[in-house]
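**Q** Supplied structure: query36.txt, compact mmCIF, N, CA and C atoms.
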```
# COMPACT_ATOMS: atom_id res chain seq x y z
N MET A 570 -12.40 -80.34 95.87
CA MET A 570 -11.58 -80.36 97.05
C MET A 570 -12.13 -81.41 98.01
N THR A 571 -11.25 -82.04 98.77
CA THR A 571 -11.63 -83.22 99.54
C THR A 571 -11.81 -82.95 101.03
N THR A 572 -11.95 -81.74 101.44
CA THR A 572 -12.09 -81.42 102.86
C THR A 572 -13.42 -81.91 103.40
N ASP A 573 -13.60 -81.82 104.71
CA ASP A 573 -14.84 -82.24 105.36
C ASP A 573 -15.94 -81.21 105.14
N LEU A 574 -16.39 -81.14 103.92
CA LEU A 574 -17.44 -80.19 103.55
C LEU A 574 -18.80 -80.84 103.74
N PRO A 575 -19.73 -80.16 104.42
CA PRO A 575 -21.06 -80.74 104.56
C PRO A 575 -21.69 -81.04 103.20
N ALA A 576 -22.54 -82.05 103.15
CA ALA A 576 -23.23 -82.41 101.91
C ALA A 576 -24.05 -81.23 101.41
N GLY A 577 -24.05 -81.06 100.09
CA GLY A 577 -24.84 -80.00 99.49
C GLY A 577 -24.07 -78.72 99.23
N TYR A 578 -22.76 -78.74 99.50
CA TYR A 578 -21.93 -77.56 99.31
C TYR A 578 -20.68 -77.92 98.53
N SER A 579 -20.08 -76.93 97.88
CA SER A 579 -18.83 -77.15 97.17
C SER A 579 -17.92 -75.95 97.40
N ILE A 580 -16.62 -76.19 97.21
CA ILE A 580 -15.62 -75.14 97.31
C ILE A 580 -14.85 -75.12 96.01
N SER A 581 -14.59 -73.92 95.50
CA SER A 581 -13.91 -73.78 94.22
C SER A 581 -12.95 -72.61 94.24
N THR A 582 -11.89 -72.73 93.46
CA THR A 582 -10.97 -71.61 93.25
C THR A 582 -11.16 -71.00 91.87
N ASP A 583 -12.23 -71.38 91.18
CA ASP A 583 -12.51 -70.86 89.84
C ASP A 583 -12.93 -69.39 89.95
N PRO A 584 -12.11 -68.46 89.43
CA PRO A 584 -12.46 -67.04 89.55
C PRO A 584 -13.75 -66.67 88.83
N ALA A 585 -14.14 -67.42 87.82
CA ALA A 585 -15.37 -67.12 87.09
C ALA A 585 -16.62 -67.34 87.94
N ARG A 586 -16.51 -68.14 88.98
CA ARG A 586 -17.68 -68.42 89.83
C ARG A 586 -17.89 -67.38 90.92
N LEU A 587 -16.91 -66.55 91.18
CA LEU A 587 -17.01 -65.58 92.27
C LEU A 587 -18.08 -64.54 92.01
N ASP A 588 -18.92 -64.30 93.01
CA ASP A 588 -19.92 -63.24 92.94
C ASP A 588 -19.28 -62.01 93.58
N ARG A 589 -18.57 -61.26 92.76
CA ARG A 589 -17.76 -60.14 93.27
C ARG A 589 -18.59 -59.07 93.97
N ALA A 590 -19.79 -58.82 93.49
CA ALA A 590 -20.64 -57.82 94.14
C ALA A 590 -21.04 -58.27 95.54
N VAL A 591 -21.40 -59.53 95.69
CA VAL A 591 -21.79 -60.06 97.00
C VAL A 591 -20.58 -60.07 97.94
N ILE A 592 -19.43 -60.50 97.44
CA ILE A 592 -18.23 -60.51 98.27
C ILE A 592 -17.92 -59.10 98.77
N HIS A 593 -17.99 -58.13 97.88
CA HIS A 593 -17.73 -56.75 98.29
C HIS A 593 -18.73 -56.30 99.34
N GLN A 594 -20.00 -56.63 99.14
CA GLN A 594 -21.02 -56.25 100.12
C GLN A 594 -20.73 -56.89 101.48
N TRP A 595 -20.46 -58.19 101.49
CA TRP A 595 -20.15 -58.87 102.75
C TRP A 595 -19.02 -58.17 103.48
N LEU A 596 -17.91 -57.96 102.78
CA LEU A 596 -16.71 -57.44 103.43
C LEU A 596 -16.84 -55.97 103.79
N SER A 597 -17.37 -55.16 102.90
CA SER A 597 -17.41 -53.71 103.14
C SER A 597 -18.53 -53.29 104.08
N GLU A 598 -19.55 -54.15 104.23
CA GLU A 598 -20.69 -53.78 105.08
C GLU A 598 -20.85 -54.62 106.33
N ASP A 599 -20.27 -55.83 106.37
CA ASP A 599 -20.57 -56.73 107.48
C ASP A 599 -19.34 -57.28 108.20
N SER A 600 -18.15 -57.11 107.67
CA SER A 600 -16.96 -57.60 108.36
C SER A 600 -16.38 -56.47 109.21
N TYR A 601 -15.74 -56.82 110.31
CA TYR A 601 -15.13 -55.78 111.13
C TYR A 601 -13.81 -55.30 110.55
N TRP A 602 -13.17 -56.09 109.71
CA TRP A 602 -11.83 -55.76 109.22
C TRP A 602 -11.81 -55.01 107.89
N ALA A 603 -12.92 -54.99 107.16
CA ALA A 603 -12.91 -54.35 105.84
C ALA A 603 -14.07 -53.39 105.64
N LEU A 604 -14.65 -52.91 106.73
CA LEU A 604 -15.78 -51.98 106.62
C LEU A 604 -15.38 -50.78 105.78
N GLY A 605 -16.21 -50.46 104.82
CA GLY A 605 -15.95 -49.30 103.98
C GLY A 605 -14.95 -49.52 102.87
N ARG A 606 -14.41 -50.73 102.73
CA ARG A 606 -13.46 -51.00 101.65
C ARG A 606 -14.15 -50.73 100.32
N SER A 607 -13.49 -49.99 99.44
CA SER A 607 -14.09 -49.66 98.15
C SER A 607 -14.14 -50.88 97.24
N ARG A 608 -15.06 -50.86 96.30
CA ARG A 608 -15.17 -51.95 95.34
C ARG A 608 -13.89 -52.05 94.51
N GLU A 609 -13.31 -50.92 94.16
CA GLU A 609 -12.06 -50.94 93.38
C GLU A 609 -10.94 -51.61 94.16
N LYS A 610 -10.84 -51.29 95.45
CA LYS A 610 -9.81 -51.89 96.30
C LYS A 610 -10.05 -53.40 96.43
N GLN A 611 -11.31 -53.79 96.60
CA GLN A 611 -11.63 -55.21 96.72
C GLN A 611 -11.33 -55.95 95.42
N ASP A 612 -11.71 -55.38 94.30
CA ASP A 612 -11.44 -56.01 93.00
C ASP A 612 -9.94 -56.17 92.77
N ALA A 613 -9.16 -55.16 93.14
CA ALA A 613 -7.70 -55.25 92.98
C ALA A 613 -7.13 -56.34 93.88
N ALA A 614 -7.62 -56.42 95.11
CA ALA A 614 -7.14 -57.44 96.03
C ALA A 614 -7.45 -58.84 95.49
N MET A 615 -8.64 -59.01 94.96
CA MET A 615 -9.04 -60.31 94.41
C MET A 615 -8.22 -60.66 93.17
N ALA A 616 -7.94 -59.68 92.35
CA ALA A 616 -7.19 -59.92 91.11
C ALA A 616 -5.77 -60.40 91.39
N ASN A 617 -5.25 -60.04 92.55
CA ASN A 617 -3.87 -60.37 92.87
C ASN A 617 -3.76 -61.43 93.97
N SER A 618 -4.80 -62.23 94.11
CA SER A 618 -4.85 -63.24 95.17
C SER A 618 -5.40 -64.55 94.63
N LEU A 619 -5.25 -65.59 95.42
CA LEU A 619 -5.89 -66.88 95.17
C LEU A 619 -7.20 -66.84 95.94
N ASN A 620 -8.32 -66.97 95.24
CA ASN A 620 -9.64 -66.80 95.84
C ASN A 620 -10.36 -68.14 95.95
N PHE A 621 -11.07 -68.32 97.05
CA PHE A 621 -11.86 -69.53 97.30
C PHE A 621 -13.31 -69.12 97.52
N GLY A 622 -14.22 -69.84 96.92
CA GLY A 622 -15.64 -69.61 97.15
C GLY A 622 -16.30 -70.86 97.68
N VAL A 623 -17.28 -70.69 98.56
CA VAL A 623 -18.14 -71.78 99.04
C VAL A 623 -19.49 -71.57 98.38
N TYR A 624 -20.04 -72.66 97.82
CA TYR A 624 -21.27 -72.56 97.03
C TYR A 624 -22.29 -73.60 97.46
N ASP A 625 -23.56 -73.23 97.36
CA ASP A 625 -24.65 -74.18 97.49
C ASP A 625 -24.63 -75.02 96.21
N SER A 626 -24.46 -76.32 96.32
CA SER A 626 -24.33 -77.18 95.14
C SER A 626 -25.58 -77.19 94.27
N ALA A 627 -26.76 -77.06 94.88
CA ALA A 627 -28.01 -77.12 94.11
C ALA A 627 -28.27 -75.84 93.33
N THR A 628 -27.98 -74.69 93.95
CA THR A 628 -28.33 -73.41 93.32
C THR A 628 -27.13 -72.68 92.71
N GLY A 629 -25.93 -73.02 93.17
CA GLY A 629 -24.74 -72.31 92.72
C GLY A 629 -24.51 -71.00 93.43
N VAL A 630 -25.39 -70.64 94.36
CA VAL A 630 -25.27 -69.38 95.09
C VAL A 630 -24.02 -69.42 95.97
N GLN A 631 -23.26 -68.34 95.96
CA GLN A 631 -22.06 -68.25 96.79
C GLN A 631 -22.45 -67.94 98.22
N LEU A 632 -21.88 -68.71 99.16
CA LEU A 632 -22.20 -68.57 100.59
C LEU A 632 -20.99 -68.22 101.44
N GLY A 633 -19.80 -68.25 100.84
CA GLY A 633 -18.61 -67.94 101.61
C GLY A 633 -17.45 -67.58 100.71
N TYR A 634 -16.42 -67.04 101.33
CA TYR A 634 -15.28 -66.54 100.58
C TYR A 634 -14.03 -66.55 101.46
N ALA A 635 -12.90 -66.78 100.85
CA ALA A 635 -11.60 -66.60 101.51
C ALA A 635 -10.60 -66.21 100.43
N ARG A 636 -9.60 -65.45 100.85
CA ARG A 636 -8.59 -64.96 99.92
C ARG A 636 -7.22 -65.27 100.50
N VAL A 637 -6.31 -65.70 99.64
CA VAL A 637 -4.94 -65.99 100.07
C VAL A 637 -3.98 -65.17 99.23
N VAL A 638 -3.14 -64.43 99.91
CA VAL A 638 -2.05 -63.73 99.25
C VAL A 638 -0.85 -64.68 99.33
N VAL A 639 -0.53 -65.29 98.20
CA VAL A 639 0.61 -66.22 98.14
C VAL A 639 1.77 -65.41 97.57
N THR A 640 2.53 -64.83 98.47
CA THR A 640 3.53 -63.85 98.06
C THR A 640 4.64 -64.43 97.22
N ASP A 641 5.05 -65.66 97.50
CA ASP A 641 6.16 -66.22 96.73
C ASP A 641 5.94 -67.68 96.33
N GLN A 642 4.88 -68.28 96.75
CA GLN A 642 4.54 -69.68 96.48
C GLN A 642 5.66 -70.63 96.90
N ALA A 643 6.45 -70.22 97.88
CA ALA A 643 7.54 -71.06 98.35
C ALA A 643 7.70 -71.04 99.87
N THR A 644 7.53 -69.87 100.50
CA THR A 644 7.80 -69.80 101.93
C THR A 644 6.69 -69.17 102.77
N PHE A 645 5.82 -68.35 102.18
CA PHE A 645 4.90 -67.57 102.98
C PHE A 645 3.59 -67.30 102.24
N ALA A 646 2.49 -67.30 102.98
CA ALA A 646 1.19 -66.87 102.46
C ALA A 646 0.41 -66.20 103.58
N TRP A 647 -0.55 -65.39 103.18
CA TRP A 647 -1.40 -64.70 104.15
C TRP A 647 -2.85 -65.04 103.82
N LEU A 648 -3.55 -65.64 104.77
CA LEU A 648 -4.97 -65.97 104.65
C LEU A 648 -5.78 -64.79 105.18
N CYS A 649 -6.73 -64.31 104.39
CA CYS A 649 -7.50 -63.14 104.82
C CYS A 649 -8.89 -63.15 104.20
N ASP A 650 -9.70 -62.21 104.62
CA ASP A 650 -11.05 -62.01 104.11
C ASP A 650 -11.90 -63.27 104.17
N VAL A 651 -11.74 -64.08 105.20
CA VAL A 651 -12.56 -65.28 105.35
C VAL A 651 -13.93 -64.85 105.85
N TYR A 652 -14.96 -65.25 105.10
CA TYR A 652 -16.32 -64.80 105.44
C TYR A 652 -17.33 -65.88 105.03
N ILE A 653 -18.26 -66.16 105.91
CA ILE A 653 -19.39 -67.04 105.61
C ILE A 653 -20.66 -66.21 105.79
N ALA A 654 -21.55 -66.28 104.81
CA ALA A 654 -22.81 -65.52 104.86
C ALA A 654 -23.54 -65.82 106.17
N ARG A 655 -24.12 -64.79 106.75
CA ARG A 655 -24.76 -64.92 108.06
C ARG A 655 -25.75 -66.09 108.12
N GLY A 656 -26.57 -66.27 107.12
CA GLY A 656 -27.57 -67.34 107.13
C GLY A 656 -27.00 -68.73 106.96
N SER A 657 -25.71 -68.82 106.66
CA SER A 657 -25.07 -70.12 106.44
C SER A 657 -24.07 -70.49 107.53
N ARG A 658 -23.98 -69.68 108.54
CA ARG A 658 -23.04 -69.96 109.63
C ARG A 658 -23.56 -71.09 110.52
N GLY A 659 -22.64 -71.73 111.23
CA GLY A 659 -23.01 -72.80 112.14
C GLY A 659 -23.19 -74.16 111.48
N LYS A 660 -22.81 -74.27 110.22
CA LYS A 660 -22.95 -75.53 109.47
C LYS A 660 -21.61 -76.19 109.20
N GLY A 661 -20.53 -75.61 109.69
CA GLY A 661 -19.21 -76.16 109.44
C GLY A 661 -18.55 -75.65 108.17
N LEU A 662 -19.18 -74.68 107.52
CA LEU A 662 -18.63 -74.17 106.26
C LEU A 662 -17.34 -73.39 106.47
N GLY A 663 -17.25 -72.64 107.55
CA GLY A 663 -16.03 -71.87 107.82
C GLY A 663 -14.84 -72.80 108.04
N HIS A 664 -15.05 -73.81 108.85
CA HIS A 664 -13.97 -74.78 109.08
C HIS A 664 -13.59 -75.49 107.78
N ALA A 665 -14.59 -75.90 107.00
CA ALA A 665 -14.31 -76.59 105.74
C ALA A 665 -13.56 -75.69 104.77
N LEU A 666 -13.92 -74.42 104.75
CA LEU A 666 -13.25 -73.46 103.87
C LEU A 666 -11.78 -73.29 104.27
N VAL A 667 -11.53 -73.11 105.54
CA VAL A 667 -10.14 -72.95 106.01
C VAL A 667 -9.35 -74.23 105.76
N ALA A 668 -9.96 -75.39 105.98
CA ALA A 668 -9.28 -76.66 105.72
C ALA A 668 -8.96 -76.80 104.23
N ALA A 669 -9.88 -76.36 103.37
CA ALA A 669 -9.64 -76.43 101.92
C ALA A 669 -8.48 -75.53 101.52
N VAL A 670 -8.41 -74.36 102.12
CA VAL A 670 -7.29 -73.45 101.84
C VAL A 670 -5.97 -74.13 102.24
N CYS A 671 -5.94 -74.69 103.44
CA CYS A 671 -4.71 -75.35 103.91
C CYS A 671 -4.34 -76.52 103.01
N GLU A 672 -5.32 -77.30 102.60
CA GLU A 672 -5.08 -78.43 101.71
C GLU A 672 -4.52 -77.95 100.37
N HIS A 673 -5.07 -76.87 99.87
CA HIS A 673 -4.62 -76.32 98.58
C HIS A 673 -3.18 -75.81 98.67
N LEU A 674 -2.84 -75.21 99.80
CA LEU A 674 -1.50 -74.64 99.97
C LEU A 674 -0.43 -75.67 100.33
N ALA A 675 -0.83 -76.82 100.83
CA ALA A 675 0.12 -77.83 101.32
C ALA A 675 1.21 -78.19 100.30
N PRO A 676 0.90 -78.39 99.02
CA PRO A 676 1.96 -78.76 98.07
C PRO A 676 3.06 -77.71 97.90
N TYR A 677 2.79 -76.46 98.26
CA TYR A 677 3.81 -75.43 98.15
C TYR A 677 4.94 -75.62 99.16
N GLY A 678 4.66 -76.32 100.26
CA GLY A 678 5.66 -76.49 101.30
C GLY A 678 6.00 -75.17 101.99
N LEU A 679 4.99 -74.33 102.17
CA LEU A 679 5.21 -73.02 102.79
C LEU A 679 5.72 -73.17 104.22
N ARG A 680 6.60 -72.29 104.58
CA ARG A 680 7.11 -72.28 105.95
C ARG A 680 6.06 -71.72 106.91
N ARG A 681 5.27 -70.76 106.42
CA ARG A 681 4.32 -70.08 107.30
C ARG A 681 3.11 -69.57 106.52
N VAL A 682 1.93 -69.78 107.09
CA VAL A 682 0.71 -69.15 106.62
C VAL A 682 0.21 -68.31 107.78
N LEU A 683 0.07 -67.04 107.56
CA LEU A 683 -0.28 -66.10 108.62
C LEU A 683 -1.71 -65.63 108.42
N LEU A 684 -2.37 -65.31 109.51
CA LEU A 684 -3.69 -64.70 109.45
C LEU A 684 -3.89 -63.86 110.71
N ALA A 685 -4.90 -63.04 110.68
CA ALA A 685 -5.27 -62.25 111.86
C ALA A 685 -6.77 -62.42 112.07
N THR A 686 -7.17 -62.58 113.32
CA THR A 686 -8.59 -62.69 113.65
C THR A 686 -8.85 -62.10 115.02
N ALA A 687 -10.00 -61.52 115.17
CA ALA A 687 -10.40 -60.98 116.47
C ALA A 687 -11.37 -61.92 117.17
N ASP A 688 -12.02 -62.83 116.40
CA ASP A 688 -13.10 -63.59 117.02
C ASP A 688 -13.27 -65.03 116.53
N ALA A 689 -12.41 -65.52 115.67
CA ALA A 689 -12.62 -66.87 115.13
C ALA A 689 -11.44 -67.80 115.42
N HIS A 690 -10.82 -67.63 116.54
CA HIS A 690 -9.65 -68.45 116.89
C HIS A 690 -9.97 -69.95 116.85
N ALA A 691 -11.13 -70.33 117.33
CA ALA A 691 -11.49 -71.76 117.37
C ALA A 691 -11.61 -72.35 115.98
N VAL A 692 -12.14 -71.59 115.05
CA VAL A 692 -12.26 -72.08 113.66
C VAL A 692 -10.88 -72.37 113.09
N TYR A 693 -9.96 -71.46 113.28
CA TYR A 693 -8.62 -71.62 112.73
C TYR A 693 -7.81 -72.67 113.49
N ALA A 694 -8.03 -72.78 114.79
CA ALA A 694 -7.31 -73.79 115.58
C ALA A 694 -7.64 -75.19 115.09
N LYS A 695 -8.89 -75.43 114.68
CA LYS A 695 -9.27 -76.74 114.16
C LYS A 695 -8.47 -77.12 112.92
N ALA A 696 -7.98 -76.12 112.20
CA ALA A 696 -7.20 -76.35 110.99
C ALA A 696 -5.70 -76.35 111.27
N GLY A 697 -5.33 -76.20 112.54
CA GLY A 697 -3.92 -76.27 112.90
C GLY A 697 -3.24 -74.94 113.18
N PHE A 698 -3.95 -73.84 113.05
CA PHE A 698 -3.36 -72.53 113.34
C PHE A 698 -3.20 -72.37 114.85
N ALA A 699 -2.19 -71.61 115.25
CA ALA A 699 -1.94 -71.32 116.66
C ALA A 699 -1.51 -69.87 116.79
N SER A 700 -1.61 -69.35 118.00
CA SER A 700 -1.12 -67.99 118.26
C SER A 700 0.38 -67.94 118.02
N LEU A 701 0.88 -66.76 117.72
CA LEU A 701 2.31 -66.61 117.51
C LEU A 701 3.06 -67.01 118.77
N GLU A 702 4.07 -67.84 118.60
CA GLU A 702 4.86 -68.30 119.73
C GLU A 702 5.70 -67.17 120.31
N LYS A 703 6.22 -66.31 119.44
CA LYS A 703 7.05 -65.19 119.89
C LYS A 703 6.55 -63.91 119.21
N PRO A 704 5.44 -63.38 119.67
CA PRO A 704 4.87 -62.20 119.02
C PRO A 704 5.82 -61.00 119.04
N GLU A 705 6.72 -60.99 119.98
CA GLU A 705 7.67 -59.86 120.07
C GLU A 705 8.62 -59.82 118.88
N GLN A 706 8.68 -60.88 118.09
CA GLN A 706 9.54 -60.91 116.91
C GLN A 706 8.84 -60.33 115.68
N TRP A 707 7.55 -60.09 115.77
CA TRP A 707 6.77 -59.64 114.62
C TRP A 707 6.50 -58.15 114.69
N MET A 708 6.52 -57.51 113.56
CA MET A 708 6.22 -56.08 113.48
C MET A 708 5.26 -55.87 112.32
N THR A 709 4.64 -54.71 112.30
CA THR A 709 3.71 -54.38 111.22
C THR A 709 3.94 -52.95 110.78
N LEU A 710 3.64 -52.70 109.54
CA LEU A 710 3.67 -51.35 108.98
C LEU A 710 2.26 -51.05 108.52
N GLY A 711 1.64 -50.03 109.06
CA GLY A 711 0.27 -49.70 108.70
C GLY A 711 -0.67 -49.84 109.86
N ALA A 712 -1.95 -49.81 109.55
CA ALA A 712 -2.99 -49.86 110.58
C ALA A 712 -2.95 -51.17 111.34
N GLN A 713 -3.30 -51.10 112.61
CA GLN A 713 -3.35 -52.32 113.43
C GLN A 713 -4.72 -52.59 113.94
```
Kindly transcribe the structure held in the file into C-alpha cells.

**A**
Amino acid sequence: MTTDLPAGYSISTDPARLDRAVIHQWLSEDSYWALGRSREKQDAAMANSLNFGVYDSATGVQLGYARVVVTDQATFAWLCDVYIARGSRGKGLGHALVAAVCEHLAPYGLRRVLLATADAHAVYAKAGFASLEKPEQWMTLGAQ
C-alpha cells in the first residue's frame, strides 16, 4: 500500500498475517467500544469483513488493526475496530492505517464510508472524514 506509512512498518490485508488472539485482546480489554467482546464474536466479525493489519517490517509483529464492513462493494462501507497498540501510538500509524483503508476502498466508488468515534476525530479528519452534515437524518437500531 502506498500511503504515508512511517519507515519500518507495513500494512496488509492478508488474513493469514492477522494475529487474531492479539486483536481480540486489544479490542475486548483495551478499547472503549468492544470491551468484553467474545472471541467467537470477534472471529465472526473478522471472517465477514475486510481486515487491515499494521506490522513492524523487521519482526512481523502486528501493531495495529482496522476492519471494514463492505456491505455491497458499491455504495456503502463501515470502518470500525481501528486500533493501534499502546506502545506504537504517536508515530503516525493510525493516520496511515486509515489512509490505507480509504485508498483501498477508493476503486469501489462508494457513496459513503461511515464510522463512529468518541476520541479520534482528528485522526479521521486528516483522511477526509467529517461529522454528519445532517445527523437528524440518521437513525440506529441497537446500542448507542

**Q** Going by DSSP on the backbone, which bits of region 584-709 of chain A are helix (DSSP H, G or I)? Write them as a PyMOL selection string, please.

**A** chain A and resi 584-586+589-599+608-616+655-657+662-677+690-695+704-706

**Q** Which of these residues is nearest to Arg681 (chain A), using all atoms listed in the file: A:Phe645, A:Tyr652, A:Trp707, A:Tyr693?

**A**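 Using all atoms listed in the file, Arg681 (chain A) sits closest to A:Phe645.
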
**Q** Return the single residue from A:Val637, A:Asp573, A:Arg606, A:His673 that is closest to Ser618 (chain A), with distances computed using all atoms listed in the file.

**A**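 Ranking A:Val637, A:Asp573, A:Arg606, A:His673 by distance to Ser618 (chain A), first place goes to A:Val637.
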
**Q** Rank A:Cys649, A:Ala616, A:Ala643, A:Ala696 by their smallest atom-to-atom distance to Pro584 (chain A), using only C-alpha atoms, and report the top residue only.

**A**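 Selected residue with least distance to Pro584 (chain A): A:Ala616.
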
**Q** Enumerate as a PyMOL selection string all residues of chain A assigned to strand (DSSP E) by DSSP on the backbone, naming them with the chain letters and numbers the document uses.

**A** chain A and resi 578-581+619-625+631-638+645-653+681-683

**Q** Grab all the atoms of region 618-626 of chain A that the file lists, wrap them in a box along x, y and z, add 3 Å per side, and give me centre plus edge lengths in Å (one decimal) as JSON.

**A**
```
{"center_x": -15.2, "center_y": -69.7, "center_z": 96.6, "size_x": 26.8, "size_y": 21.0, "size_z": 10.9}
```

**Q** Residues within 6 Å of Gly633 (chain A), please, as a ChimeraX atom specification. Count only C-alpha atoms; anything in the same chain fewer than 6 positions from it doesn't count.

**A** /A:622-623,652-654

**Q** What is the distance between atom N of Asp583 (chain A) and atom C of Arg636 (chain A), in Å to one decimal?

**A**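 Atom N of Asp583 (chain A) sits 12.2 Å away from atom C of Arg636 (chain A).
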
**Q** Which residues of region 591-700 of chain A have any atom within 5 Å of an atom in region 575-578 of chain A when counting all atoms listed in the file, and what is the closest pair of atoms for each, with the distance in Å to one decimal? Order the rows by chain and rising number and write it as JSON lines.

**A**
```
{"residue": "A:Tyr624", "atom": "C", "partner": "A:Tyr578", "partner_atom": "CA", "distance": 4.4}
{"residue": "A:Asp625", "atom": "CA", "partner": "A:Tyr578", "partner_atom": "CA", "distance": 4.7}
{"residue": "A:Ser626", "atom": "N", "partner": "A:Gly577", "partner_atom": "C", "distance": 3.8}
```

**Q** Export, as a PDB file, in the frame of the given file, the selected residues with N, CA and C atoms.

**A**
```pdb
ATOM      1  N   TYR A 624     -20.040 -72.660  97.820  1.00  0.00           N
ATOM      2  CA  TYR A 624     -21.270 -72.560  97.030  1.00  0.00           C
ATOM      3  C   TYR A 624     -22.290 -73.600  97.460  1.00  0.00           C
ATOM      4  N   ASP A 625     -23.560 -73.230  97.360  1.00  0.00           N
ATOM      5  CA  ASP A 625     -24.650 -74.180  97.490  1.00  0.00           C
ATOM      6  C   ASP A 625     -24.630 -75.020  96.210  1.00  0.00           C
ATOM      7  N   SER A 626     -24.460 -76.320  96.320  1.00  0.00           N
ATOM      8  CA  SER A 626     -24.330 -77.180  95.140  1.00  0.00           C
ATOM      9  C   SER A 626     -25.580 -77.190  94.270  1.00  0.00           C
TER      10      SER A 626
END
```

**Q** Counting all atoms listed in the file, what is within 7 Å of Ala665 (chain A), bar same-chain residues fewer than 3 positions away, as a list in words?

**A**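 That gives Thr572, Asp573, Leu574, Pro575, Gly661, Leu662, Ala668, Ala669 and Val670 of chain A.
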
**Q** With N, CA and C atoms retained, export the selected residues as an mmCIF file, keeping the file's coordinate frame.

**A**
```cif
data_model
loop_
_atom_site.group_PDB
_atom_site.id
_atom_site.type_symbol
_atom_site.label_atom_id
_atom_site.label_comp_id
_atom_site.auth_asym_id
_atom_site.auth_seq_id
_atom_site.Cartn_x
_atom_site.Cartn_y
_atom_site.Cartn_z
ATOM 1 N N THR A 572 -11.950 -81.740 101.440
ATOM 2 C CA THR A 572 -12.090 -81.420 102.860
ATOM 3 C C THR A 572 -13.420 -81.910 103.400
ATOM 4 N N ASP A 573 -13.600 -81.820 104.710
ATOM 5 C CA ASP A 573 -14.840 -82.240 105.360
ATOM 6 C C ASP A 573 -15.940 -81.210 105.140
ATOM 7 N N LEU A 574 -16.390 -81.140 103.920
ATOM 8 C CA LEU A 574 -17.440 -80.190 103.550
ATOM 9 C C LEU A 574 -18.800 -80.840 103.740
ATOM 10 N N PRO A 575 -19.730 -80.160 104.420
ATOM 11 C CA PRO A 575 -21.060 -80.740 104.560
ATOM 12 C C PRO A 575 -21.690 -81.040 103.200
ATOM 13 N N GLY A 661 -20.530 -75.610 109.690
ATOM 14 C CA GLY A 661 -19.210 -76.160 109.440
ATOM 15 C C GLY A 661 -18.550 -75.650 108.170
ATOM 16 N N LEU A 662 -19.180 -74.680 107.520
ATOM 17 C CA LEU A 662 -18.630 -74.170 106.260
ATOM 18 C C LEU A 662 -17.340 -73.390 106.470
ATOM 19 N N ALA A 668 -9.960 -75.390 105.980
ATOM 20 C CA ALA A 668 -9.280 -76.660 105.720
ATOM 21 C C ALA A 668 -8.960 -76.800 104.230
ATOM 22 N N ALA A 669 -9.880 -76.360 103.370
ATOM 23 C CA ALA A 669 -9.640 -76.430 101.920
ATOM 24 C C ALA A 669 -8.480 -75.530 101.520
ATOM 25 N N VAL A 670 -8.410 -74.360 102.120
ATOM 26 C CA VAL A 670 -7.290 -73.450 101.840
ATOM 27 C C VAL A 670 -5.970 -74.130 102.240
#
```

**Q** Please compute the CA of Leu619 (chain A)-atom N of Val638 (chain A) distance, one decimal, in Å.

**A**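 Atom N of Val638 (chain A) lies at a distance of 6.0 Å from CA of Leu619 (chain A).
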
**Q** Quick one: pull the distance between atom N of Ala635 (chain A) and atom N of Met708 (chain A), Å, one decimal.

**A**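 If I compute the distance from atom N of Ala635 (chain A) to atom N of Met708 (chain A), I get 25.0 Å.
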
**Q** If I put a ball of radius 7 Å at (-16.9, -54.7, 98.4) in the file's coordinates, which residues poke into it when counting only C-alpha atoms, written as a ChimeraX atom specification?

**A** /A:590,592-597,606-608,611

**Q** May I ask which of the residues A:Gly663, A:Arg658, A:Asp588, A:Lys610 is the closest one to His690 (chain A), counting only C-alpha atoms?

**A**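 Of A:Gly663, A:Arg658, A:Asp588, A:Lys610, the one nearest His690 (chain A) is A:Gly663, counting only C-alpha atoms.
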
**Q** Nearest residue to Leu679 (chain A) out of A:Ala614, A:Gln631, A:Gln706, A:Gln642, using only N, CA and C atoms?

**A**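 Smallest separation from Leu679 (chain A) among the options: A:Gln642.
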
**Q** Rank nothing, just name the residue among A:His664, A:Gly629, A:Arg655, A:Ala691 nearest to Arg586 (chain A), using all atoms listed in the file.

**A** A:Gly629
